[in-house]
$ cat start_12.cif   # mmCIF, C-alpha atoms and all ligand atoms
data_data
#
loop_
_atom_site.label_atom_id
_atom_site.label_comp_id
_atom_site.auth_asym_id
_atom_site.auth_seq_id
_atom_site.Cartn_x
_atom_site.Cartn_y
_atom_site.Cartn_z
CA MET A 1 -138.97 79.16 -65.50
CA LYS A 2 -136.63 81.00 -67.79
CA GLN A 3 -137.02 80.48 -71.54
CA PRO A 4 -133.75 79.27 -73.14
CA ASP A 5 -132.64 82.25 -75.17
CA SER A 6 -130.29 80.57 -77.59
CA ILE A 7 -132.49 78.10 -79.52
CA PRO A 8 -135.16 79.30 -81.94
CA SER A 9 -137.04 76.33 -83.43
CA ASP A 10 -136.42 76.97 -87.15
CA LYS A 11 -133.02 75.35 -86.84
CA GLN A 12 -131.54 72.06 -87.89
CA HIS A 13 -132.21 69.19 -85.51
CA LEU A 14 -130.33 66.20 -84.30
CA SER A 15 -131.14 63.30 -82.08
CA MET A 16 -129.89 63.49 -78.53
CA THR A 17 -130.30 60.31 -76.53
CA VAL A 18 -130.33 60.93 -72.81
CA GLN A 19 -129.90 58.45 -70.02
CA ARG A 20 -132.84 58.55 -67.63
CA TYR A 21 -133.07 57.06 -64.19
CA ARG A 22 -136.04 57.87 -62.01
CA PRO A 23 -135.50 55.83 -58.86
CA GLU A 24 -139.22 55.74 -58.07
CA GLN A 25 -140.11 54.13 -61.42
CA ASP A 26 -136.98 52.69 -63.12
CA ASP A 27 -135.17 49.59 -61.91
CA ALA A 28 -132.17 50.53 -64.02
CA PRO A 29 -131.19 53.49 -66.22
CA VAL A 30 -133.02 53.68 -69.57
CA TRP A 31 -132.37 55.69 -72.72
CA GLN A 32 -134.73 58.32 -74.08
CA SER A 33 -134.28 60.13 -77.41
CA TYR A 34 -135.17 63.74 -78.17
CA GLN A 35 -134.98 65.72 -81.41
CA VAL A 36 -133.28 68.93 -80.42
CA PRO A 37 -132.77 72.06 -82.53
CA TYR A 38 -129.23 73.40 -82.64
CA ASP A 39 -126.88 75.85 -84.25
CA ASP A 40 -123.16 76.46 -83.95
CA SER A 41 -123.46 77.88 -80.47
CA THR A 42 -125.70 75.21 -78.92
CA SER A 43 -124.00 73.37 -76.09
CA VAL A 44 -125.08 70.04 -74.62
CA LEU A 45 -126.23 72.02 -71.58
CA ASP A 46 -128.33 74.34 -73.80
CA ALA A 47 -129.90 71.26 -75.38
CA LEU A 48 -130.69 69.79 -71.95
CA HIS A 49 -132.32 73.10 -71.00
CA TRP A 50 -134.36 72.97 -74.20
CA ILE A 51 -135.54 69.43 -73.44
CA LYS A 52 -136.46 70.38 -69.89
CA GLU A 53 -138.33 73.51 -70.97
CA GLN A 54 -140.01 72.21 -74.11
CA GLN A 55 -140.34 68.45 -73.85
CA ASP A 56 -139.91 66.93 -70.46
CA SER A 57 -139.75 68.97 -67.30
CA SER A 58 -138.88 65.91 -65.24
CA LEU A 59 -135.36 65.69 -66.67
CA ALA A 60 -132.80 66.19 -63.89
CA TYR A 61 -129.23 67.44 -64.34
CA ARG A 62 -126.81 69.81 -62.62
CA TRP A 63 -125.43 73.10 -63.82
CA SER A 64 -124.70 76.58 -62.61
CA CYS A 65 -122.19 78.84 -64.35
CA ARG A 66 -122.59 77.81 -68.04
CA MET A 67 -118.96 78.78 -68.62
CA ALA A 68 -116.72 75.92 -67.50
CA ILE A 69 -116.03 77.41 -64.10
CA CYS A 70 -118.30 75.78 -61.54
CA GLY A 71 -117.66 72.19 -62.60
CA SER A 72 -121.19 70.98 -61.92
CA CYS A 73 -122.39 70.02 -65.43
CA GLY A 74 -120.22 66.94 -66.03
CA VAL A 75 -121.84 64.20 -68.17
CA MET A 76 -120.72 61.37 -70.43
CA VAL A 77 -121.04 62.40 -74.06
CA ASP A 78 -120.75 59.35 -76.32
CA GLY A 79 -118.95 57.60 -73.48
CA THR A 80 -116.39 60.35 -72.77
CA PRO A 81 -116.59 62.57 -69.67
CA LYS A 82 -117.27 66.18 -70.72
CA LEU A 83 -118.59 69.44 -69.32
CA GLY A 84 -122.05 69.93 -70.83
CA CYS A 85 -121.51 73.67 -71.14
CA LYS A 86 -118.18 73.27 -72.95
CA THR A 87 -119.34 70.61 -75.43
CA PHE A 88 -121.15 71.65 -78.58
CA LEU A 89 -123.75 69.83 -80.66
CA ARG A 90 -122.09 71.04 -83.87
CA ASP A 91 -119.34 68.50 -83.18
CA TYR A 92 -121.86 65.62 -83.17
CA PRO A 93 -123.82 66.10 -86.42
CA LYS A 94 -124.91 62.43 -86.38
CA GLY A 95 -126.45 62.77 -82.93
CA LEU A 96 -125.09 62.01 -79.48
CA LYS A 97 -125.68 60.05 -76.32
CA VAL A 98 -125.61 61.83 -72.99
CA ALA A 99 -125.30 59.80 -69.79
CA ALA A 100 -124.53 60.32 -66.11
CA LEU A 101 -120.84 60.48 -65.18
CA ALA A 102 -119.35 56.99 -65.06
CA ASN A 103 -117.90 55.44 -61.88
CA PHE A 104 -120.30 57.35 -59.60
CA PRO A 105 -123.65 56.09 -58.25
CA ILE A 106 -126.57 57.72 -60.11
CA GLU A 107 -129.08 59.62 -57.98
CA LYS A 108 -131.46 60.68 -60.72
CA ASP A 109 -131.10 60.97 -64.52
CA LEU A 110 -127.80 62.81 -65.06
CA ILE A 111 -127.19 63.59 -61.40
CA VAL A 112 -124.59 61.49 -59.64
CA ASP A 113 -123.55 61.16 -56.03
CA MET A 114 -120.04 62.65 -55.78
CA ASN A 115 -119.52 62.02 -52.08
CA GLN A 116 -116.74 59.51 -52.62
CA PHE A 117 -114.73 62.12 -54.52
CA LEU A 118 -115.38 64.78 -51.89
CA HIS A 119 -114.40 62.36 -49.15
CA HIS A 120 -111.05 61.73 -50.88
CA LEU A 121 -110.56 65.43 -51.41
CA THR A 122 -111.07 66.12 -47.70
CA ALA A 123 -108.69 63.33 -46.71
CA LEU A 124 -105.83 65.01 -48.58
CA LYS A 125 -106.31 68.44 -46.94
CA PRO A 126 -106.26 70.62 -50.06
CA TYR A 127 -105.58 73.91 -48.33
CA LEU A 128 -102.56 75.79 -46.97
CA ILE A 129 -101.39 74.26 -43.72
CA GLY A 130 -99.21 75.89 -41.09
CA GLN A 131 -98.48 79.03 -43.01
CA PRO A 132 -97.57 81.92 -40.76
CA SER A 133 -100.17 84.56 -41.49
CA SER A 134 -100.29 88.10 -40.33
CA ALA A 135 -102.86 90.70 -41.22
CA SER A 136 -100.33 93.34 -42.19
CA GLU A 137 -97.84 91.26 -44.16
CA PRO A 138 -98.91 89.29 -47.21
CA ASN A 139 -97.15 86.01 -47.93
CA ARG A 140 -94.72 86.65 -50.73
CA GLN A 141 -94.07 84.25 -53.59
CA SER A 142 -91.78 84.69 -56.53
CA PRO A 143 -93.16 84.02 -60.03
CA GLU A 144 -91.01 80.86 -60.10
CA GLN A 145 -92.56 79.62 -56.86
CA VAL A 146 -96.03 80.22 -58.26
CA LYS A 147 -95.16 78.46 -61.48
CA ARG A 148 -94.27 75.24 -59.65
CA TYR A 149 -97.87 74.56 -58.63
CA GLN A 150 -100.00 76.89 -60.76
CA GLN A 151 -101.03 74.36 -63.36
CA PHE A 152 -102.35 72.00 -60.66
CA ALA A 153 -104.30 74.86 -59.07
CA ASN A 154 -106.72 75.18 -61.99
CA CYS A 155 -108.92 72.27 -60.90
CA ILE A 156 -112.66 73.05 -60.67
CA ASN A 157 -113.58 69.76 -58.94
CA CYS A 158 -115.79 68.66 -61.81
CA GLY A 159 -114.93 65.00 -61.30
CA LEU A 160 -114.51 64.22 -65.01
CA CYS A 161 -111.13 62.67 -64.26
CA TYR A 162 -112.75 60.22 -61.81
CA SER A 163 -115.16 59.13 -64.53
CA ALA A 164 -112.24 58.67 -66.89
CA CYS A 165 -110.15 56.64 -64.45
CA PRO A 166 -110.46 52.85 -64.81
CA GLN A 167 -108.62 52.37 -61.51
CA PHE A 168 -111.19 54.48 -59.63
CA GLY A 169 -113.87 52.43 -61.41
CA LEU A 170 -112.33 49.22 -60.06
CA ASN A 171 -111.50 50.57 -56.62
CA PRO A 172 -113.49 53.56 -55.32
CA GLU A 173 -111.10 53.76 -52.36
CA PHE A 174 -108.42 55.05 -54.73
CA LEU A 175 -107.96 58.72 -53.76
CA GLY A 176 -108.04 59.52 -57.45
CA PRO A 177 -106.72 62.10 -59.93
CA ALA A 178 -108.10 65.47 -58.79
CA ALA A 179 -107.56 64.91 -55.05
CA ILE A 180 -103.97 63.78 -55.59
CA ALA A 181 -103.32 66.63 -58.05
CA LEU A 182 -104.55 69.09 -55.40
CA ALA A 183 -102.46 67.47 -52.67
CA HIS A 184 -99.49 67.79 -55.02
CA ARG A 185 -100.41 71.42 -55.68
CA TYR A 186 -100.24 72.26 -51.96
CA ASN A 187 -97.13 70.16 -51.40
CA LEU A 188 -95.42 72.23 -54.11
CA ASP A 189 -96.54 75.55 -52.62
CA SER A 190 -93.73 77.44 -50.86
CA ARG A 191 -96.22 78.80 -48.28
CA ASP A 192 -97.40 75.34 -47.24
CA GLN A 193 -95.99 73.15 -44.48
CA GLY A 194 -98.55 70.35 -44.62
CA LYS A 195 -96.68 67.75 -46.64
CA ALA A 196 -96.07 65.51 -43.62
CA GLU A 197 -99.85 65.43 -43.01
CA ARG A 198 -100.70 64.54 -46.59
CA GLN A 199 -97.90 62.15 -47.39
CA PRO A 200 -99.10 59.07 -45.44
CA ALA A 201 -102.33 58.95 -47.46
CA LEU A 202 -100.43 59.50 -50.69
CA ASN A 203 -97.93 56.76 -49.74
CA SER A 204 -100.65 54.18 -49.12
CA LYS A 205 -101.96 51.61 -51.54
CA ASN A 206 -104.99 53.78 -52.31
CA GLY A 207 -102.82 56.86 -52.77
CA VAL A 208 -100.53 57.42 -55.73
CA TRP A 209 -99.81 53.69 -55.99
CA SER A 210 -103.24 52.73 -57.34
CA CYS A 211 -102.48 54.65 -60.52
CA THR A 212 -101.18 52.66 -63.49
CA PHE A 213 -100.58 55.76 -65.63
CA VAL A 214 -103.50 55.25 -67.99
CA GLY A 215 -103.49 59.03 -68.47
CA PHE A 216 -107.12 59.41 -69.59
CA CYS A 217 -107.74 61.75 -66.63
CA SER A 218 -105.43 64.31 -68.21
CA THR A 219 -107.04 63.86 -71.63
CA VAL A 220 -110.53 64.65 -70.35
CA CYS A 221 -109.64 67.44 -67.90
CA PRO A 222 -111.40 70.59 -69.15
CA LYS A 223 -108.92 72.86 -67.36
CA GLY A 224 -105.65 71.33 -68.56
CA VAL A 225 -104.64 70.25 -65.06
CA ASP A 226 -102.76 67.04 -66.06
CA PRO A 227 -103.52 65.04 -62.91
CA ALA A 228 -101.63 62.05 -64.37
CA ALA A 229 -98.42 64.08 -64.23
CA ALA A 230 -99.17 65.09 -60.64
CA ILE A 231 -99.73 61.48 -59.59
CA ASN A 232 -96.64 60.21 -61.32
CA GLN A 233 -94.49 63.00 -59.89
CA GLY A 234 -96.12 61.95 -56.62
CA LYS A 235 -94.78 58.40 -57.10
CA ILE A 236 -91.24 59.77 -57.16
CA VAL A 237 -91.96 61.88 -54.06
CA SER A 238 -93.48 58.85 -52.31
CA THR A 239 -90.51 56.65 -53.24
CA MET A 240 -88.05 59.22 -51.86
CA ASP A 241 -90.19 59.56 -48.74
CA GLY A 242 -90.10 55.77 -48.33
CA VAL A 243 -86.34 55.60 -48.74
CA ILE A 244 -85.90 58.30 -46.10
CA GLN A 245 -88.32 56.61 -43.72
CA TRP A 246 -86.85 53.14 -44.18
CA PHE A 247 -83.45 54.48 -43.21
CA SER A 248 -84.66 56.55 -40.23
CA PRO A 249 -86.95 54.37 -38.12
CA LYS A 250 -87.43 57.10 -35.51
CA GLN A 251 -90.27 58.91 -37.29
CA LEU A 252 -92.61 55.92 -37.23
CA ASP A 253 -95.05 57.32 -34.73
CA THR A 254 -96.04 60.52 -36.52
CA THR A 255 -98.21 58.65 -39.00
CA PRO A 256 -101.60 60.41 -39.25
CA GLN A 257 -104.76 58.38 -39.03
CA GLU A 258 -106.96 57.48 -41.94
CA PRO A 259 -110.44 58.96 -41.52
CA THR A 260 -113.22 56.44 -41.93
CA SER A 261 -116.76 57.61 -42.36
CA MET B 1 -116.81 59.69 -36.82
CA ALA B 2 -116.12 56.02 -36.34
CA ALA B 3 -112.79 54.41 -35.53
CA THR B 4 -109.70 55.55 -37.38
CA LYS B 5 -107.01 53.31 -38.79
CA ARG B 6 -103.45 54.02 -39.72
CA TYR B 7 -102.46 54.58 -43.31
CA GLN B 8 -100.19 51.75 -44.27
CA ARG B 9 -97.23 52.56 -46.47
CA SER B 10 -97.41 50.66 -49.73
CA ASP B 11 -94.48 48.45 -50.75
CA GLU B 12 -95.13 49.52 -54.32
CA PRO B 13 -92.11 51.92 -54.44
CA ILE B 14 -89.83 48.86 -54.52
CA TRP B 15 -91.63 47.17 -57.42
CA TRP B 16 -92.24 50.44 -59.21
CA SER B 17 -88.57 51.41 -59.02
CA LEU B 18 -87.53 48.03 -60.47
CA PHE B 19 -90.29 48.40 -63.08
CA SER B 20 -89.08 51.87 -64.05
CA ALA B 21 -85.44 50.84 -64.24
CA GLY B 22 -86.47 47.82 -66.31
CA GLY B 23 -88.55 50.05 -68.54
CA VAL B 24 -85.53 52.18 -69.37
CA CYS B 25 -83.57 49.04 -70.28
CA VAL B 26 -86.41 47.61 -72.37
CA ALA B 27 -86.99 50.88 -74.19
CA MET B 28 -83.43 52.07 -74.75
CA LEU B 29 -80.79 49.42 -74.18
CA ILE B 30 -82.40 46.35 -75.70
CA PRO B 31 -83.36 47.99 -79.02
CA ALA B 32 -79.83 49.42 -79.24
CA LEU B 33 -78.37 45.96 -78.61
CA ILE B 34 -80.65 44.42 -81.21
CA VAL B 35 -79.61 47.00 -83.77
CA LEU B 36 -75.96 46.51 -82.93
CA LEU B 37 -75.87 42.71 -82.67
CA VAL B 38 -78.39 41.84 -85.38
CA PHE B 39 -77.88 44.56 -87.95
CA GLY B 40 -74.30 45.47 -87.00
CA PRO B 41 -72.57 42.68 -88.93
CA TRP B 42 -75.01 43.04 -91.80
CA LEU B 43 -74.34 46.78 -92.10
CA GLY B 44 -70.62 46.22 -91.77
CA LEU B 45 -70.43 47.99 -88.38
CA LEU B 46 -69.15 44.83 -86.71
CA SER B 47 -67.16 41.96 -88.13
CA ALA B 48 -68.44 38.42 -87.66
CA GLU B 49 -65.28 37.58 -85.69
CA ALA B 50 -66.06 40.33 -83.23
CA LEU B 51 -69.21 38.36 -82.41
CA SER B 52 -67.47 34.99 -82.19
CA TYR B 53 -68.52 32.64 -79.41
CA GLN B 54 -65.16 32.92 -77.62
CA ARG B 55 -65.18 36.68 -77.64
CA MET B 56 -68.79 36.96 -76.57
CA SER B 57 -68.49 34.52 -73.70
CA ALA B 58 -65.27 36.18 -72.56
CA LEU B 59 -67.14 39.51 -72.50
CA LEU B 60 -70.17 38.11 -70.71
CA TYR B 61 -68.21 36.24 -68.05
CA HIS B 62 -66.02 39.23 -67.29
CA PRO B 63 -66.87 40.56 -63.80
CA LEU B 64 -68.68 43.51 -65.41
CA GLY B 65 -70.83 41.04 -67.37
CA VAL B 66 -73.14 41.03 -64.34
CA LEU B 67 -74.25 44.51 -65.42
CA PHE B 68 -75.35 43.02 -68.73
CA ILE B 69 -77.30 40.29 -66.92
CA GLY B 70 -78.91 42.93 -64.72
CA ALA B 71 -79.85 45.30 -67.53
CA VAL B 72 -80.89 42.76 -70.16
CA ILE B 73 -82.47 40.01 -68.05
CA ILE B 74 -83.16 40.92 -64.43
CA LEU B 75 -84.60 44.45 -64.65
CA PRO B 76 -86.70 43.64 -67.76
CA LEU B 77 -88.04 40.59 -65.86
CA PHE B 78 -89.27 42.83 -63.04
CA HIS B 79 -90.63 45.25 -65.61
CA ALA B 80 -92.61 42.51 -67.35
CA MET B 81 -93.91 40.89 -64.16
CA HIS B 82 -95.02 44.28 -62.80
CA ARG B 83 -97.03 44.85 -65.98
CA ILE B 84 -98.52 41.36 -65.78
CA HIS B 85 -99.38 41.84 -62.11
CA HIS B 86 -101.22 45.11 -62.77
CA GLY B 87 -102.73 43.71 -65.97
CA LEU B 88 -104.28 40.85 -63.98
CA HIS B 89 -105.76 43.42 -61.62
CA ASP B 90 -107.11 45.52 -64.52
CA LEU B 91 -108.74 42.47 -66.11
CA GLN B 92 -110.11 41.59 -62.67
CA TRP B 93 -108.64 38.11 -62.99
CA ALA B 94 -106.62 38.24 -59.83
CA HIS B 95 -106.41 40.75 -56.99
CA SER B 96 -104.91 38.45 -54.43
CA SER B 97 -101.55 38.64 -52.77
CA LEU B 98 -101.04 35.19 -54.30
CA ALA B 99 -100.90 36.79 -57.76
CA LYS B 100 -98.38 39.28 -56.43
CA TRP B 101 -96.23 36.55 -54.91
CA LEU B 102 -96.37 34.53 -58.12
CA CYS B 103 -95.49 37.52 -60.33
CA TYR B 104 -92.62 39.01 -58.34
CA GLY B 105 -91.61 35.58 -57.03
CA SER B 106 -91.07 34.29 -60.54
CA ALA B 107 -89.08 37.43 -61.39
CA VAL B 108 -86.90 36.79 -58.34
CA LEU B 109 -86.45 33.08 -59.15
CA LEU B 110 -85.63 33.66 -62.81
CA SER B 111 -83.20 36.43 -61.79
CA LEU B 112 -81.49 34.07 -59.38
CA LEU B 113 -81.32 31.45 -62.13
CA ALA B 114 -79.70 33.96 -64.51
CA LEU B 115 -77.22 35.05 -61.84
CA GLY B 116 -76.48 31.43 -60.95
CA LEU B 117 -75.78 30.49 -64.54
CA TRP B 118 -73.59 33.56 -64.91
CA LEU B 119 -71.61 32.67 -61.77
CA LEU B 120 -71.26 29.14 -63.08
CA GLY B 121 -69.84 30.56 -66.32
CA VAL B 122 -67.45 32.82 -64.45
CA PHE B 123 -66.08 30.26 -62.02
CA VAL B 124 -66.35 26.93 -63.78
S1 LIG C 301 -108.38 67.62 -62.39
FE1 LIG C 301 -109.52 68.41 -64.18
S2 LIG C 301 -111.01 66.76 -64.65
FE2 LIG C 301 -110.28 66.40 -62.56
S3 LIG C 301 -111.77 67.42 -61.22
FE3 LIG C 301 -110.09 68.90 -61.59
S4 LIG C 301 -110.75 70.11 -63.38
FE4 LIG C 301 -112.07 68.28 -63.31
S1 LIG C 302 -122.28 74.83 -65.86
FE1 LIG C 302 -120.53 75.41 -64.68
S2 LIG C 302 -118.98 74.18 -65.56
FE2 LIG C 302 -120.64 73.79 -66.85
#
$ encode --input "start_12.cif" --output "structure tokens"
Amino acid sequence: MKQPDSIPSDKQHLSMTVQRYRPEQDDAPVWQSYQVPYDDSTSVLDALHWIKEQQDSSLAYRWSCRMAICGSCGVMVDGTPKLGCKTFLRDYPKGLKVAALANFPIEKDLIVDMNQFLHHLTALKPYLIGQPSSASEPNRQSPEQVKRYQQFANCINCGLCYSACPQFGLNPEFLGPAAIALAHRYNLDSRDQGKAERQPALNSKNGVWSCTFVGFCSTVCPKGVDPAAAINQGKIVSTMDGVIQWFSPKQLDTTPQEPTS
Amino acid sequence: MAATKRYQRSDEPIWWSLFSAGGVCVAMLIPALIVLLVFGPWLGLLSAEALSYQRMSALLYHPLGVLFIGAVIILPLFHAMHRIHHGLHDLQWAHSSLAKWLCYGSAVLLSLLALGLWLLGVFV
């Protein structure tokens, strides 16, 4: 195993309390405290590495890129969803509590089961649909056309927004912030023709209409995506879509089916 | 994959549109009216006679007075009941369609009452 390179032990320490859940021995999650050394550059992820290498090799958590790109290191830090690699101990001089992402079932320690989120993501088809592609000709987009959706394209699927969303907490069937933001991103893309396939899910009770504009998803998003804006723009789109449909009964039979697993 | 079911369109656009329209009234129109009607005479912007009962009721029971009823009573009612309906859901006190019927039903009934009283004032 690799030695963490960033933490010599002559540093100042603070107390990091980590939520543990070992399904084979714990009935429910328990808290365990560690004294971890830190300096200005020590992230929560670095500290977890240090615990795993120096104190307790059984600690389980996810990570990959260490630079806020892969989206796998999401944890609750003092009750707020954060990326472990983008959150620094220097901002918590009195110590901190690290727990598994809220609103998801815990598999082990800080590892959660994200299937519900991935299921919702799949249902909204977050990819270009029906774009005419040819090997020789690239699809052209003007800077203005790119600007319409670019902000919503920065999502790294970390799921922090799902942990922040009280409506997803109450109703896991809610398609949720990131999936709806990505659906919105493709609906706004000039190369995409898939809106009719995505709209029925967005129009449903568990689509944009489960959102009550709490807005915490946008506060916690580490990539500045603003899913709350996407969902609430989506409410206007869904309302217009409804008005059109209510006045043209012919289209009733094109409604796509809801996948059930 | 198991059976598939159709996505059902939510009726929320109706309630949300009324809620949004009501929100604009509650946030912009009502504070402006309060400033005008409460502080207006005090600041000398309006004379007390301008707010006399005769003048006010003549204004209200003018055919366009229905716009006032809509903007100051009916839309804010739907705004408030939409908030209460979703608040009940958030507090997990009531998820049922009964709560929905009671919330929007009372907004409809109180709106009809306001319209009825206004019609009474116009025609009687
Ligand atoms: S919208 Fe933001 S918080 Fe949500 S999954 Fe994407 S990057 Fe993470
Ligand atoms: S480790 Fe990749 S986002 Fe944190």
$ closest_residue --input "start_12.cif" --among "B:Ala107, B:Val38, B:Val72, B:Ile84" --to "chain A" --atoms "only C-alpha atoms"
B:Ile84
$ residues_near_ligand --input "start_12.cif" --ligand "ligand LIG 302 (chain C)" --cutoff "9 Å" --atoms "all atoms listed in the file" --output "list of chain:residue names"
A:Leu45, A:Arg62, A:Trp63, A:Ser64, A:Cys65, A:Arg66, A:Met67, A:Ala68, A:Ile69, A:Cys70, A:Gly71, A:Ser72, A:Cys73, A:Gly74, A:Leu83, A:Gly84, A:Cys85, A:Lys86, A:Ile156, A:Cys158
$ residues_around --input "start_12.cif" --residues "Val77 in chain A" --least-positions-apart "4" --cutoff "9 Å" --atoms "all atoms listed in the file" --output "MDAnalysis selection string"
chainID A and resid 44 81:84 87 96:100
$ write_last_selection --input "start_12.cif" --atoms "C-alpha atoms" --output "mmCIF file, keeping the file's coordinate frame"
data_model
loop_
_atom_site.group_PDB
_atom_site.id
_atom_site.type_symbol
_atom_site.label_atom_id
_atom_site.label_comp_id
_atom_site.auth_asym_id
_atom_site.auth_seq_id
_atom_site.Cartn_x
_atom_site.Cartn_y
_atom_site.Cartn_z
ATOM 1 C CA VAL A 44 -125.080 70.040 -74.620
ATOM 2 C CA PRO A 81 -116.590 62.570 -69.670
ATOM 3 C CA LYS A 82 -117.270 66.180 -70.720
ATOM 4 C CA LEU A 83 -118.590 69.440 -69.320
ATOM 5 C CA GLY A 84 -122.050 69.930 -70.830
ATOM 6 C CA THR A 87 -119.340 70.610 -75.430
ATOM 7 C CA LEU A 96 -125.090 62.010 -79.480
ATOM 8 C CA LYS A 97 -125.680 60.050 -76.320
ATOM 9 C CA VAL A 98 -125.610 61.830 -72.990
ATOM 10 C CA ALA A 99 -125.300 59.800 -69.790
ATOM 11 C CA ALA A 100 -124.530 60.320 -66.110
#
$ residues_near_point --input "start_12.cif" --point "(-130.1, 73.4, -88.2)" --cutoff "7 Å" --atoms "all atoms listed in the file" --output "PyMOL selection string"
chain A and resi 11-13+37-39
$ write_last_selection --input "start_12.cif" --atoms "C-alpha atoms" --output "mmCIF file, keeping the file's coordinate frame"
data_model
loop_
_atom_site.group_PDB
_atom_site.id
_atom_site.type_symbol
_atom_site.label_atom_id
_atom_site.label_comp_id
_atom_site.auth_asym_id
_atom_site.auth_seq_id
_atom_site.Cartn_x
_atom_site.Cartn_y
_atom_site.Cartn_z
ATOM 1 C CA LYS A 11 -133.020 75.350 -86.840
ATOM 2 C CA GLN A 12 -131.540 72.060 -87.890
ATOM 3 C CA HIS A 13 -132.210 69.190 -85.510
ATOM 4 C CA PRO A 37 -132.770 72.060 -82.530
ATOM 5 C CA TYR A 38 -129.230 73.400 -82.640
ATOM 6 C CA ASP A 39 -126.880 75.850 -84.250
#
$ residues_near_ligand --input "start_12.cif" --ligand "ligand LIG 301 (chain C)" --cutoff "8 Å" --atoms "all atoms listed in the file" --output "list in words"
Gly71, Phe152, Asn154, Cys155, Ile156, Asn157, Cys158, Gly159, Leu160, Cys161, Tyr162, Pro177, Ala178, Ala179, Ala181, Cys217, Ser218, Val220, Cys221, Pro222, Lys223, Gly224, Val225, Asp226 and Pro227 of chain A
$ atom_distance --input "start_12.cif" --atom1 "CA of Asn206 in chain A" --atom2 "CA of Phe174 in chain A"
4.4 Å
$ residues_near_point --input "start_12.cif" --point "(-136.9, 71.5, -76.8)" --cutoff "10 Å" --atoms "all atoms listed in the file" --output "list in words"
Pro4, Ile7, Pro8, Ser9, Tyr34, Gln35, Val36, Pro37, Tyr38, Asp46, Ala47, Leu48, His49, Trp50, Ile51, Lys52, Glu53, Gln54, Gln55 and Asp56 of chain A
$ residues_around --input "start_12.cif" --residues "range 234-236 of chain A" --least-positions-apart "4" --cutoff "8 Å" --atoms "only C-alpha atoms" --output "mmCIF file with C-alpha atoms, keeping the file's coordinate frame"
data_model
loop_
_atom_site.group_PDB
_atom_site.id
_atom_site.type_symbol
_atom_site.label_atom_id
_atom_site.label_comp_id
_atom_site.auth_asym_id
_atom_site.auth_seq_id
_atom_site.Cartn_x
_atom_site.Cartn_y
_atom_site.Cartn_z
ATOM 1 C CA HIS A 184 -99.490 67.790 -55.020
ATOM 2 C CA LEU A 202 -100.430 59.500 -50.690
ATOM 3 C CA VAL A 208 -100.530 57.420 -55.730
ATOM 4 C CA TRP A 209 -99.810 53.690 -55.990
ATOM 5 C CA ALA A 230 -99.170 65.090 -60.640
ATOM 6 C CA MET A 240 -88.050 59.220 -51.860
ATOM 7 C CA PRO B 13 -92.110 51.920 -54.440
#
